[in-house]
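Coordinates from run-v8.cif are shown below (mmCIF, C-alpha atoms (C1' of nucleotides)).
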data_structure
#
loop_
_atom_site.label_atom_id
_atom_site.label_comp_id
_atom_site.auth_asym_id
_atom_site.auth_seq_id
_atom_site.Cartn_x
_atom_site.Cartn_y
_atom_site.Cartn_z
CA MET A 1 -22.06 20.86 -5.00
CA ALA A 2 -18.47 19.86 -4.27
CA ALA A 3 -15.67 21.94 -5.77
CA SER A 4 -14.26 20.33 -8.88
CA PRO A 5 -11.28 18.15 -7.90
CA PRO A 6 -8.84 19.51 -10.51
CA ASP A 7 -9.28 23.03 -9.13
CA ASP A 8 -8.90 21.64 -5.66
CA ASP A 9 -5.71 19.85 -6.60
CA ARG A 10 -4.23 22.93 -8.16
CA LEU A 11 -5.00 24.99 -5.08
CA ASP A 12 -3.55 22.24 -2.90
CA ALA A 13 -0.33 22.26 -4.86
CA ALA A 14 -0.02 26.04 -5.02
CA PHE A 15 -0.71 26.70 -1.34
CA ALA A 16 1.55 23.83 -0.30
CA ALA A 17 4.30 25.14 -2.57
CA LEU A 18 4.20 28.53 -0.86
CA ALA A 19 4.16 26.98 2.61
CA ASP A 20 7.96 26.70 2.49
CA PRO A 21 10.24 29.69 3.14
CA VAL A 22 12.83 28.54 0.60
CA ARG A 23 10.20 28.36 -2.13
CA ARG A 24 8.73 31.72 -1.15
CA ARG A 25 12.18 33.29 -1.40
CA ILE A 26 12.59 31.71 -4.83
CA VAL A 27 9.28 33.20 -5.95
CA ALA A 28 10.30 36.57 -4.52
CA ARG A 29 13.59 36.39 -6.41
CA LEU A 30 11.85 35.42 -9.65
CA SER A 31 9.51 38.37 -9.41
CA THR A 32 12.51 40.49 -10.46
CA GLY A 33 13.25 38.30 -13.47
CA PRO A 34 14.16 34.77 -14.55
CA ALA A 35 17.09 32.91 -13.02
CA THR A 36 18.92 29.60 -13.38
CA VAL A 37 18.94 26.83 -10.81
CA ASN A 38 22.47 27.72 -9.76
CA GLU A 39 21.63 31.37 -9.34
CA LEU A 40 18.55 30.50 -7.33
CA ALA A 41 20.50 28.09 -5.15
CA GLU A 42 23.28 30.55 -4.35
CA PRO A 43 21.68 32.27 -1.32
CA PHE A 44 20.78 29.00 0.39
CA ALA A 45 22.82 26.73 2.64
CA ILE A 46 21.30 23.61 1.15
CA SER A 47 22.45 21.47 -1.78
CA ILE A 48 21.70 22.38 -5.37
CA GLN A 49 19.76 19.15 -5.70
CA ALA A 50 17.44 20.25 -2.92
CA VAL A 51 16.86 23.59 -4.63
CA SER A 52 16.28 21.79 -7.92
CA ARG A 53 13.51 19.84 -6.27
CA HIS A 54 12.01 22.95 -4.73
CA ILE A 55 11.83 24.37 -8.22
CA GLN A 56 10.12 21.22 -9.44
CA VAL A 57 7.55 21.62 -6.71
CA LEU A 58 6.89 25.19 -7.83
CA GLU A 59 6.69 24.05 -11.44
CA HIS A 60 4.25 21.27 -10.61
CA ALA A 61 2.11 23.83 -8.81
CA GLY A 62 2.09 25.98 -11.94
CA LEU A 63 3.83 28.84 -10.16
CA VAL A 64 6.87 28.83 -12.44
CA THR A 65 7.77 27.71 -15.95
CA ARG A 66 11.11 26.68 -17.43
CA SER A 67 12.92 27.36 -20.68
CA ARG A 68 16.23 26.16 -22.06
CA ASP A 69 19.48 28.02 -22.66
CA ALA A 70 22.31 25.59 -23.44
CA GLN A 71 22.89 23.55 -20.26
CA ARG A 72 20.85 25.99 -18.23
CA ARG A 73 17.13 25.69 -17.46
CA PRO A 74 16.06 29.23 -16.59
CA VAL A 75 13.06 29.54 -14.31
CA HIS A 76 10.35 32.13 -14.90
CA LEU A 77 7.54 33.25 -12.63
CA ALA A 78 4.03 32.30 -13.81
CA PRO A 79 1.85 34.99 -12.25
CA THR A 80 -1.45 33.38 -13.27
CA ALA A 81 -1.22 30.76 -10.54
CA LEU A 82 -0.52 33.43 -7.95
CA GLU A 83 -3.62 35.22 -9.19
CA ALA A 84 -5.72 32.09 -8.62
CA LEU A 85 -4.63 32.05 -4.99
CA THR A 86 -5.47 35.66 -4.22
CA SER A 87 -8.71 35.13 -6.05
CA TRP A 88 -9.65 32.20 -3.82
CA ILE A 89 -8.69 34.01 -0.64
CA ASP A 90 -10.40 37.25 -1.58
CA THR A 91 -13.63 35.47 -2.47
CA TYR A 92 -14.10 34.39 1.12
CA ARG A 93 -12.68 37.54 2.63
CA LEU A 94 -15.30 39.44 0.67
CA ILE A 95 -18.15 37.17 1.71
CA HIS A 96 -17.09 37.54 5.33
CA GLU A 97 -16.81 41.29 5.03
CA GLN A 98 -20.20 41.64 3.39
CA ARG A 99 -21.78 39.54 6.10
CA PHE A 100 -20.22 41.84 8.67
CA ARG A 101 -21.61 44.89 6.95
CA ALA A 102 -25.05 43.28 6.91
CA LEU A 103 -24.80 42.59 10.64
CA ASP A 104 -23.81 46.18 11.25
CA ASP A 105 -26.88 47.34 9.36
CA ILE A 106 -29.15 45.10 11.40
CA LEU A 107 -27.52 46.30 14.58
CA ALA A 108 -27.85 49.92 13.52
CA THR A 109 -31.50 49.38 12.71
CA SER A 110 -32.31 47.76 16.05
CA ILE A 111 -30.50 50.50 17.94
CA HIS A 112 -32.50 53.00 15.96
CA LYS A 113 -35.73 51.21 16.88
CA GLU A 114 -34.69 51.11 20.54
CA LYS A 115 -34.22 54.83 20.54
CA GLU A 116 -37.61 55.29 18.95
CA SER A 117 -39.44 53.20 21.52
CA MET B 1 19.22 40.36 5.41
CA ALA B 2 17.05 37.34 6.11
CA ALA B 3 13.32 37.83 6.50
CA SER B 4 12.30 37.92 10.13
CA PRO B 5 11.53 34.36 11.24
CA PRO B 6 8.26 35.10 13.07
CA ASP B 7 6.75 36.50 9.86
CA ASP B 8 8.13 33.55 7.98
CA ASP B 9 6.65 31.12 10.47
CA ARG B 10 3.26 32.76 10.30
CA LEU B 11 3.25 32.61 6.51
CA ASP B 12 4.39 28.99 6.65
CA ALA B 13 1.53 28.09 8.95
CA ALA B 14 -1.09 30.02 7.02
CA PHE B 15 -0.15 28.73 3.56
CA ALA B 16 0.21 25.18 4.88
CA ALA B 17 -3.18 25.44 6.56
CA LEU B 18 -4.84 26.37 3.27
CA ALA B 19 -3.04 23.59 1.39
CA ASP B 20 -5.72 21.15 2.51
CA PRO B 21 -9.15 20.95 0.85
CA VAL B 22 -10.90 20.13 4.11
CA ARG B 23 -9.48 23.22 5.77
CA ARG B 24 -10.29 25.38 2.76
CA ARG B 25 -13.89 24.21 2.89
CA ILE B 26 -13.98 25.02 6.58
CA VAL B 27 -12.72 28.54 5.86
CA ALA B 28 -15.29 28.89 3.09
CA ARG B 29 -18.04 27.81 5.46
CA LEU B 30 -16.88 30.21 8.17
CA SER B 31 -16.95 33.12 5.78
CA THR B 32 -20.75 32.97 6.10
CA GLY B 33 -20.63 33.03 9.91
CA PRO B 34 -19.32 31.15 12.97
CA ALA B 35 -19.97 27.44 13.48
CA THR B 36 -19.32 24.73 16.05
CA VAL B 37 -16.98 21.78 15.56
CA ASN B 38 -19.94 19.45 15.04
CA GLU B 39 -21.49 21.72 12.46
CA LEU B 40 -18.21 22.04 10.63
CA ALA B 41 -17.64 18.28 10.70
CA GLU B 42 -21.07 17.44 9.33
CA PRO B 43 -20.28 17.66 5.58
CA PHE B 44 -17.16 15.50 5.84
CA ALA B 45 -16.73 11.74 5.77
CA ILE B 46 -13.96 11.84 8.37
CA SER B 47 -14.13 11.60 12.17
CA ILE B 48 -14.97 14.59 14.34
CA GLN B 49 -11.56 14.26 15.97
CA ALA B 50 -9.92 14.74 12.61
CA VAL B 51 -11.99 17.87 11.99
CA SER B 52 -11.18 19.12 15.48
CA ARG B 53 -7.51 18.88 14.62
CA HIS B 54 -8.00 20.63 11.29
CA ILE B 55 -9.56 23.48 13.26
CA GLN B 56 -6.59 23.53 15.60
CA VAL B 57 -4.30 23.85 12.60
CA LEU B 58 -6.32 26.80 11.33
CA GLU B 59 -6.30 28.34 14.80
CA HIS B 60 -2.54 27.91 15.14
CA ALA B 61 -2.16 29.62 11.77
CA GLY B 62 -4.21 32.55 13.04
CA LEU B 63 -6.90 31.98 10.43
CA VAL B 64 -9.69 31.35 12.95
CA THR B 65 -10.46 32.16 16.57
CA ARG B 66 -12.64 30.35 19.10
CA SER B 67 -15.13 31.38 21.72
CA ARG B 68 -17.14 29.43 24.24
CA ASP B 69 -20.87 28.69 24.45
CA ALA B 70 -21.58 26.06 27.12
CA GLN B 71 -19.99 22.83 25.83
CA ARG B 72 -19.58 24.28 22.38
CA ARG B 73 -16.46 26.04 21.07
CA PRO B 74 -17.71 28.12 18.14
CA VAL B 75 -15.14 28.89 15.46
CA HIS B 76 -14.91 32.32 13.82
CA LEU B 77 -13.01 33.43 10.76
CA ALA B 78 -10.07 35.78 11.42
CA PRO B 79 -9.80 37.71 8.17
CA THR B 80 -6.56 39.50 9.12
CA ALA B 81 -4.44 36.41 8.49
CA LEU B 82 -6.05 35.95 5.08
CA GLU B 83 -5.16 39.54 4.35
CA ALA B 84 -1.50 38.86 5.18
CA LEU B 85 -1.45 36.11 2.58
CA THR B 86 -2.92 38.14 -0.27
CA SER B 87 -0.59 40.93 0.74
CA TRP B 88 2.47 38.68 0.40
CA ILE B 89 1.35 37.27 -2.93
CA ASP B 90 0.35 40.60 -4.40
CA THR B 91 3.68 42.18 -3.45
CA TYR B 92 5.53 39.86 -5.80
CA ARG B 93 2.83 39.81 -8.44
CA LEU B 94 3.12 43.56 -8.56
CA ILE B 95 6.91 43.57 -8.76
CA HIS B 96 6.73 41.08 -11.60
CA GLU B 97 4.10 43.06 -13.42
CA GLN B 98 5.99 46.31 -13.10
CA ARG B 99 9.14 44.67 -14.41
CA PHE B 100 7.13 43.48 -17.40
CA ARG B 101 5.83 46.94 -18.06
CA ALA B 102 9.40 48.25 -17.88
CA LEU B 103 10.53 45.63 -20.39
CA ASP B 104 7.70 46.60 -22.70
CA ASP B 105 8.84 50.20 -22.53
CA ILE B 106 12.42 49.27 -23.37
CA LEU B 107 11.23 47.12 -26.22
CA ALA B 108 8.99 49.89 -27.54
CA THR B 109 11.88 52.33 -27.34
CA SER B 110 14.32 50.07 -29.18
CA ILE B 111 11.77 49.39 -31.90
CA HIS B 112 11.25 53.12 -32.19
CA LYS B 113 15.02 53.61 -32.54
CA GLU B 114 15.21 50.90 -35.15
CA LYS B 115 12.61 52.65 -37.23
CA GLU B 116 14.51 55.91 -36.88
CA SER B 117 17.81 54.44 -38.04
"C1'" DT C 1 37.02 12.78 -28.01
"C1'" DT C 2 37.76 14.53 -23.43
"C1'" DC C 3 36.76 17.77 -19.82
"C1'" DA C 4 33.81 20.98 -17.35
"C1'" DT C 5 29.39 22.86 -16.15
"C1'" DA C 6 24.41 22.64 -15.20
"C1'" DT C 7 20.89 19.94 -13.86
"C1'" DT C 8 18.36 15.87 -12.63
"C1'" DC C 9 17.61 11.07 -10.90
"C1'" DA C 10 17.80 7.49 -7.29
"C1'" DA C 11 18.11 5.65 -2.85
"C1'" DC C 12 18.17 6.53 1.88
"C1'" DA C 13 17.08 8.72 6.75
"C1'" DG C 14 14.49 11.64 9.76
"C1'" DT C 15 10.31 14.40 10.38
"C1'" DT C 16 5.83 15.83 9.80
"C1'" DC C 17 1.02 14.98 8.71
"C1'" DA C 18 -3.79 13.13 8.27
"C1'" DG C 19 -6.44 9.69 9.54
"C1'" DT C 20 -8.12 6.06 12.94
"C1'" DT C 21 -9.88 4.34 17.58
"C1'" DG C 22 -10.42 4.65 22.50
"C1'" DA C 23 -10.15 7.30 26.66
"C1'" DA C 24 -10.55 11.75 29.03
"C1'" DT C 25 -12.56 16.28 30.03
"C1'" DA C 26 -16.17 19.98 30.22
"C1'" DA C 27 -20.72 21.58 30.66
"C1'" DG C 28 -25.77 20.95 30.99
"C1'" DG C 29 -30.08 18.55 31.79
"C1'" DA C 30 -33.08 14.97 34.23
"C1'" DT D 1 -26.01 12.05 41.08
"C1'" DC D 2 -26.32 9.94 36.45
"C1'" DC D 3 -26.65 10.55 31.56
"C1'" DT D 4 -25.92 12.98 27.33
"C1'" DT D 5 -23.58 16.08 24.30
"C1'" DA D 6 -19.45 18.53 22.61
"C1'" DT D 7 -14.81 18.53 22.27
"C1'" DT D 8 -10.07 17.25 23.00
"C1'" DC D 9 -6.07 14.18 24.10
"C1'" DA D 10 -3.12 10.10 23.28
"C1'" DA D 11 -1.19 6.41 20.85
"C1'" DC D 12 -0.68 4.30 16.56
"C1'" DT D 13 -0.24 3.74 11.33
"C1'" DG D 14 0.93 4.77 6.68
"C1'" DA D 15 1.90 8.36 3.43
"C1'" DA D 16 4.28 12.42 2.11
"C1'" DC D 17 8.10 15.83 2.56
"C1'" DT D 18 12.94 17.65 2.93
"C1'" DG D 19 17.34 16.96 3.14
"C1'" DT D 20 21.66 14.20 2.08
"C1'" DT D 21 25.11 11.84 -1.10
"C1'" DG D 22 26.47 9.60 -5.34
"C1'" DA D 23 25.48 8.50 -10.05
"C1'" DA D 24 23.54 9.81 -14.46
"C1'" DT D 25 22.40 12.98 -18.24
"C1'" DA D 26 22.78 17.07 -21.34
"C1'" DT D 27 25.23 20.63 -23.42
"C1'" DG D 28 29.20 23.35 -24.68
"C1'" DA D 29 34.27 24.22 -24.90
"C1'" DA D 30 39.11 22.63 -25.79
#
Translate the structure of the given file into structure tokens.
Amino acid sequence: MAASPPDDDRLDAAFAALADPVRRRIVARLSTGPATVNELAEPFAISIQAVSRHIQVLEHAGLVTRSRDAQRRPVHLAPTALEALTSWIDTYRLIHEQRFRALDDILATSIHKEKES
Amino acid sequence: MAASPPDDDRLDAAFAALADPVRRRIVARLSTGPATVNELAEPFAISIQAVSRHIQVLEHAGLVTRSRDAQRRPVHLAPTALEALTSWIDTYRLIHEQRFRALDDILATSIHKEKES
DNA sequence: TTCATATTCAACAGTTCAGTTGAATAAGGA
DNA sequence: TCCTTATTCAACTGAACTGTTGAATATGAA
């Protein structure tokens, strides 16, 4: 009956990762292509170490992956995790919407009956 | 240049709100129709006060609204905020995907040229 | 080897967060 | 009025989070 904990944990991590404006800007930047830690840190007024940890949070959430290029550790967007989030959200948006449509139908029917009587 | 803070704050609040399994289960429950605090608290092993605060977090994030029915404060899903989240995510998913398609094209072209030479 | 660059690790401080319990408030019902 | 139900507020605790600075590690260049 309960949602499987691993799924829950992954959603926890992914939603929490995106709950920070710095990390969202990093994701936005990565959508246009991979970048190194230094490049990602450049627009921010915080230390590189702080950005490095933000990237680790994103990596732990499965939202980005890393490769190696000499001393650099380029960061790449991992769109699958983003897909899991929209999928979760849209599931319940859809249920809610369908329920609304059903209520509309019931309402329409009762109004129809009222007019008939 | 910077994203407008109010938007940022709303995304912060909404993503953070969904980063908790209790709150996600509340949203899931509400997708099937409104419910009172007591009803929402029933499946959980935590105090009603804790659930009441979870609901306040969701309300502050714009994900739910409340009405009044005697002593009860029924909670309703507010699908617009959910829409804002999928919209943010899909924006960058799309950018990433388009960039990939563009890279594929370039690759296909260069392979084509190689064959020609 | 020595120096420079890129990145991470470790320890610390301040803040926020989820949970608890106990008291307060709001609205009805007897 | 008194009692019950539904919900929230307040104060407290322990855990988690974000940022800092300084040291460590990894790789390449001279």
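Taking only C-alpha atoms (C1' of nucleotides) into account, the protein, DNA and RNA residues within 12 Å of (-15.9, 42.6, 10.6) read Arg93, Leu94, Ile95, His96, Glu97, Gln98, Arg99, Phe100, Arg101, Ala102, Leu103 and Asp104 of chain A; Ser31, Thr32, Gly33, His76, Leu77, Ala78, Pro79 and Thr80 of chain B.
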Hand me chain B as it sits after a least-squares fit onto chain A over every Cα, paired in order, written as a compact mmCIF listing (two decimals) with C-alpha atoms, in the frame of the given file.
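The result, written out as result-v9.txt:
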# COMPACT_ATOMS: atom_id res chain seq x y z
CA MET B 1 -22.03 19.90 -4.89
CA ALA B 2 -18.36 19.23 -4.25
CA ALA B 3 -15.80 21.61 -5.69
CA SER B 4 -14.27 20.25 -8.86
CA PRO B 5 -11.21 18.18 -7.92
CA PRO B 6 -8.82 19.60 -10.54
CA ASP B 7 -9.30 23.11 -9.12
CA ASP B 8 -8.91 21.71 -5.65
CA ASP B 9 -5.72 19.92 -6.61
CA ARG B 10 -4.26 23.02 -8.17
CA LEU B 11 -5.02 25.08 -5.08
CA ASP B 12 -3.57 22.33 -2.89
CA ALA B 13 -0.35 22.33 -4.87
CA ALA B 14 -0.04 26.10 -5.02
CA PHE B 15 -0.72 26.77 -1.33
CA ALA B 16 1.53 23.88 -0.30
CA ALA B 17 4.28 25.19 -2.56
CA LEU B 18 4.19 28.58 -0.85
CA ALA B 19 4.16 27.02 2.62
CA ASP B 20 7.94 26.74 2.48
CA PRO B 21 10.25 29.71 3.13
CA VAL B 22 12.81 28.53 0.60
CA ARG B 23 10.19 28.37 -2.13
CA ARG B 24 8.76 31.74 -1.14
CA ARG B 25 12.21 33.29 -1.42
CA ILE B 26 12.60 31.70 -4.82
CA VAL B 27 9.30 33.23 -5.94
CA ALA B 28 10.37 36.58 -4.53
CA ARG B 29 13.63 36.38 -6.43
CA LEU B 30 11.88 35.43 -9.67
CA SER B 31 9.57 38.39 -9.42
CA THR B 32 12.57 40.50 -10.46
CA GLY B 33 13.31 38.32 -13.50
CA PRO B 34 14.20 34.76 -14.57
CA ALA B 35 17.13 32.87 -13.04
CA THR B 36 18.92 29.55 -13.41
CA VAL B 37 18.91 26.77 -10.83
CA ASN B 38 22.46 27.66 -9.78
CA GLU B 39 21.61 31.30 -9.37
CA LEU B 40 18.55 30.46 -7.34
CA ALA B 41 20.49 28.03 -5.15
CA GLU B 42 23.26 30.49 -4.38
CA PRO B 43 21.68 32.23 -1.34
CA PHE B 44 20.77 28.96 0.39
CA ALA B 45 22.79 26.70 2.65
CA ILE B 46 21.25 23.56 1.17
CA SER B 47 22.39 21.40 -1.76
CA ILE B 48 21.64 22.32 -5.35
CA GLN B 49 19.67 19.09 -5.68
CA ALA B 50 17.38 20.21 -2.90
CA VAL B 51 16.83 23.55 -4.65
CA SER B 52 16.23 21.75 -7.94
CA ARG B 53 13.45 19.81 -6.28
CA HIS B 54 11.96 22.94 -4.73
CA ILE B 55 11.79 24.35 -8.25
CA GLN B 56 10.07 21.20 -9.46
CA VAL B 57 7.48 21.63 -6.73
CA LEU B 58 6.86 25.20 -7.84
CA GLU B 59 6.66 24.07 -11.46
CA HIS B 60 4.21 21.30 -10.62
CA ALA B 61 2.09 23.88 -8.82
CA GLY B 62 2.07 26.03 -11.94
CA LEU B 63 3.84 28.87 -10.17
CA VAL B 64 6.89 28.86 -12.46
CA THR B 65 7.78 27.74 -15.97
CA ARG B 66 11.11 26.70 -17.46
CA SER B 67 12.92 27.34 -20.69
CA ARG B 68 16.21 26.12 -22.06
CA ASP B 69 19.51 27.93 -22.67
CA ALA B 70 22.29 25.45 -23.47
CA GLN B 71 22.83 23.44 -20.27
CA ARG B 72 20.83 25.91 -18.25
CA ARG B 73 17.11 25.65 -17.48
CA PRO B 74 16.07 29.20 -16.61
CA VAL B 75 13.06 29.52 -14.32
CA HIS B 76 10.37 32.16 -14.89
CA LEU B 77 7.57 33.29 -12.65
CA ALA B 78 4.05 32.35 -13.82
CA PRO B 79 1.90 35.06 -12.26
CA THR B 80 -1.42 33.46 -13.28
CA ALA B 81 -1.21 30.82 -10.55
CA LEU B 82 -0.49 33.50 -7.95
CA GLU B 83 -3.57 35.30 -9.19
CA ALA B 84 -5.69 32.17 -8.62
CA LEU B 85 -4.59 32.12 -5.00
CA THR B 86 -5.42 35.74 -4.21
CA SER B 87 -8.67 35.22 -6.05
CA TRP B 88 -9.62 32.29 -3.81
CA ILE B 89 -8.66 34.10 -0.63
CA ASP B 90 -10.33 37.35 -1.56
CA THR B 91 -13.59 35.59 -2.44
CA TYR B 92 -14.05 34.50 1.15
CA ARG B 93 -12.61 37.65 2.66
CA LEU B 94 -15.20 39.56 0.71
CA ILE B 95 -18.08 37.31 1.74
CA HIS B 96 -17.03 37.68 5.35
CA GLU B 97 -16.72 41.42 5.08
CA GLN B 98 -20.09 41.81 3.43
CA ARG B 99 -21.71 39.69 6.12
CA PHE B 100 -20.15 41.99 8.70
CA ARG B 101 -21.49 45.04 6.99
CA ALA B 102 -24.94 43.42 6.93
CA LEU B 103 -24.71 42.71 10.65
CA ASP B 104 -23.73 46.30 11.29
CA ASP B 105 -26.79 47.44 9.40
CA ILE B 106 -29.07 45.17 11.41
CA LEU B 107 -27.49 46.36 14.61
CA ALA B 108 -27.85 50.00 13.59
CA THR B 109 -31.49 49.40 12.72
CA SER B 110 -32.31 47.69 16.01
CA ILE B 111 -30.60 50.45 17.97
CA HIS B 112 -32.61 52.95 15.98
CA LYS B 113 -35.81 51.06 16.85
CA GLU B 114 -34.85 50.94 20.49
CA LYS B 115 -34.48 54.69 20.57
CA GLU B 116 -37.86 55.06 18.89
CA SER B 117 -39.66 52.86 21.40
Kindly assemble as CSV a list of the chain D residues that lie within 7 Å of chain A, each paired with its nearest atom pair and their distance in Å to one decimal, using all atoms listed in the file, sorted first by chain and then by ascending residue number.
residue,atom,partner,partner_atom,distance
D:DG19,C1',A:Ala50,CA,6.9
D:DA26,C1',A:Gln71,CA,6.6
D:DT27,C1',A:Gln71,CA,4.9
Chain and number of each residue from the PyMOL selection byres ((chain C and resi 16) around 9), as a PyMOL selection string: (chain C and resi 15+17) or (chain D and resi 16-17)
Can you list every residue of chain C that has an atom at most 12 Å from region 2-11 of chain D, with its nearest atom pair and the distance in Å to one decimal, using all atoms listed in the file, ordered by chain then number, as JSON lines?
{"residue": "C:DT20", "atom": "C1'", "partner": "D:DA11", "partner_atom": "C1'", "distance": 10.5}
{"residue": "C:DT21", "atom": "C1'", "partner": "D:DA11", "partner_atom": "C1'", "distance": 9.5}
{"residue": "C:DG22", "atom": "C1'", "partner": "D:DA10", "partner_atom": "C1'", "distance": 9.1}
{"residue": "C:DA23", "atom": "C1'", "partner": "D:DA10", "partner_atom": "C1'", "distance": 8.3}
{"residue": "C:DA24", "atom": "C1'", "partner": "D:DC9", "partner_atom": "C1'", "distance": 7.1}
{"residue": "C:DT25", "atom": "C1'", "partner": "D:DT8", "partner_atom": "C1'", "distance": 7.5}
{"residue": "C:DA26", "atom": "C1'", "partner": "D:DT7", "partner_atom": "C1'", "distance": 8.2}
{"residue": "C:DA27", "atom": "C1'", "partner": "D:DA6", "partner_atom": "C1'", "distance": 8.7}
{"residue": "C:DG28", "atom": "C1'", "partner": "D:DT5", "partner_atom": "C1'", "distance": 8.6}
{"residue": "C:DG29", "atom": "C1'", "partner": "D:DT4", "partner_atom": "C1'", "distance": 8.3}
{"residue": "C:DA30", "atom": "C1'", "partner": "D:DC3", "partner_atom": "C1'", "distance": 8.2}
Just to be explicit: take each residue in the selection above, keep C-alpha atoms (C1' of nucleotides), and write the result as an mmCIF file, keeping the file's coordinate frame.
data_model
loop_
_atom_site.group_PDB
_atom_site.id
_atom_site.type_symbol
_atom_site.label_atom_id
_atom_site.label_comp_id
_atom_site.auth_asym_id
_atom_site.auth_seq_id
_atom_site.Cartn_x
_atom_site.Cartn_y
_atom_site.Cartn_z
ATOM 1 C "C1'" DT C 20 -8.120 6.060 12.940
ATOM 2 C "C1'" DT C 21 -9.880 4.340 17.580
ATOM 3 C "C1'" DG C 22 -10.420 4.650 22.500
ATOM 4 C "C1'" DA C 23 -10.150 7.300 26.660
ATOM 5 C "C1'" DA C 24 -10.550 11.750 29.030
ATOM 6 C "C1'" DT C 25 -12.560 16.280 30.030
ATOM 7 C "C1'" DA C 26 -16.170 19.980 30.220
ATOM 8 C "C1'" DA C 27 -20.720 21.580 30.660
ATOM 9 C "C1'" DG C 28 -25.770 20.950 30.990
ATOM 10 C "C1'" DG C 29 -30.080 18.550 31.790
ATOM 11 C "C1'" DA C 30 -33.080 14.970 34.230
#
Expected selection from the PyMOL selection byres ((chain B and resi 17-23) around 8), given as an NGL selection string: (:A and (8 or 11-16)) or (:B and (13-16 or 24-27 or 44 or 54-55 or 57-58 or 61))
Please return, as a PDB file with C-alpha atoms (C1' of nucleotides), keeping the file's coordinate frame, all residues of chain C lying within 12 Å of chain A when all atoms listed in the file are considered.
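Printed below is result-v9.pdb as written:
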ATOM      1  C1'  DA C   4      33.810  20.980 -17.350  1.00  0.00           C
ATOM      2  C1'  DT C   5      29.390  22.860 -16.150  1.00  0.00           C
ATOM      3  C1'  DA C   6      24.410  22.640 -15.200  1.00  0.00           C
ATOM      4  C1'  DT C   7      20.890  19.940 -13.860  1.00  0.00           C
ATOM      5  C1'  DT C   8      18.360  15.870 -12.630  1.00  0.00           C
ATOM      6  C1'  DC C   9      17.610  11.070 -10.900  1.00  0.00           C
ATOM      7  C1'  DA C  10      17.800   7.490  -7.290  1.00  0.00           C
TER       8       DA C  10
END
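When all atoms listed in the file are used to measure the gap to chain A, the shortest distance among B:Thr91, B:Ser110, B:Thr86, B:Gln56 belongs to B:Thr86.
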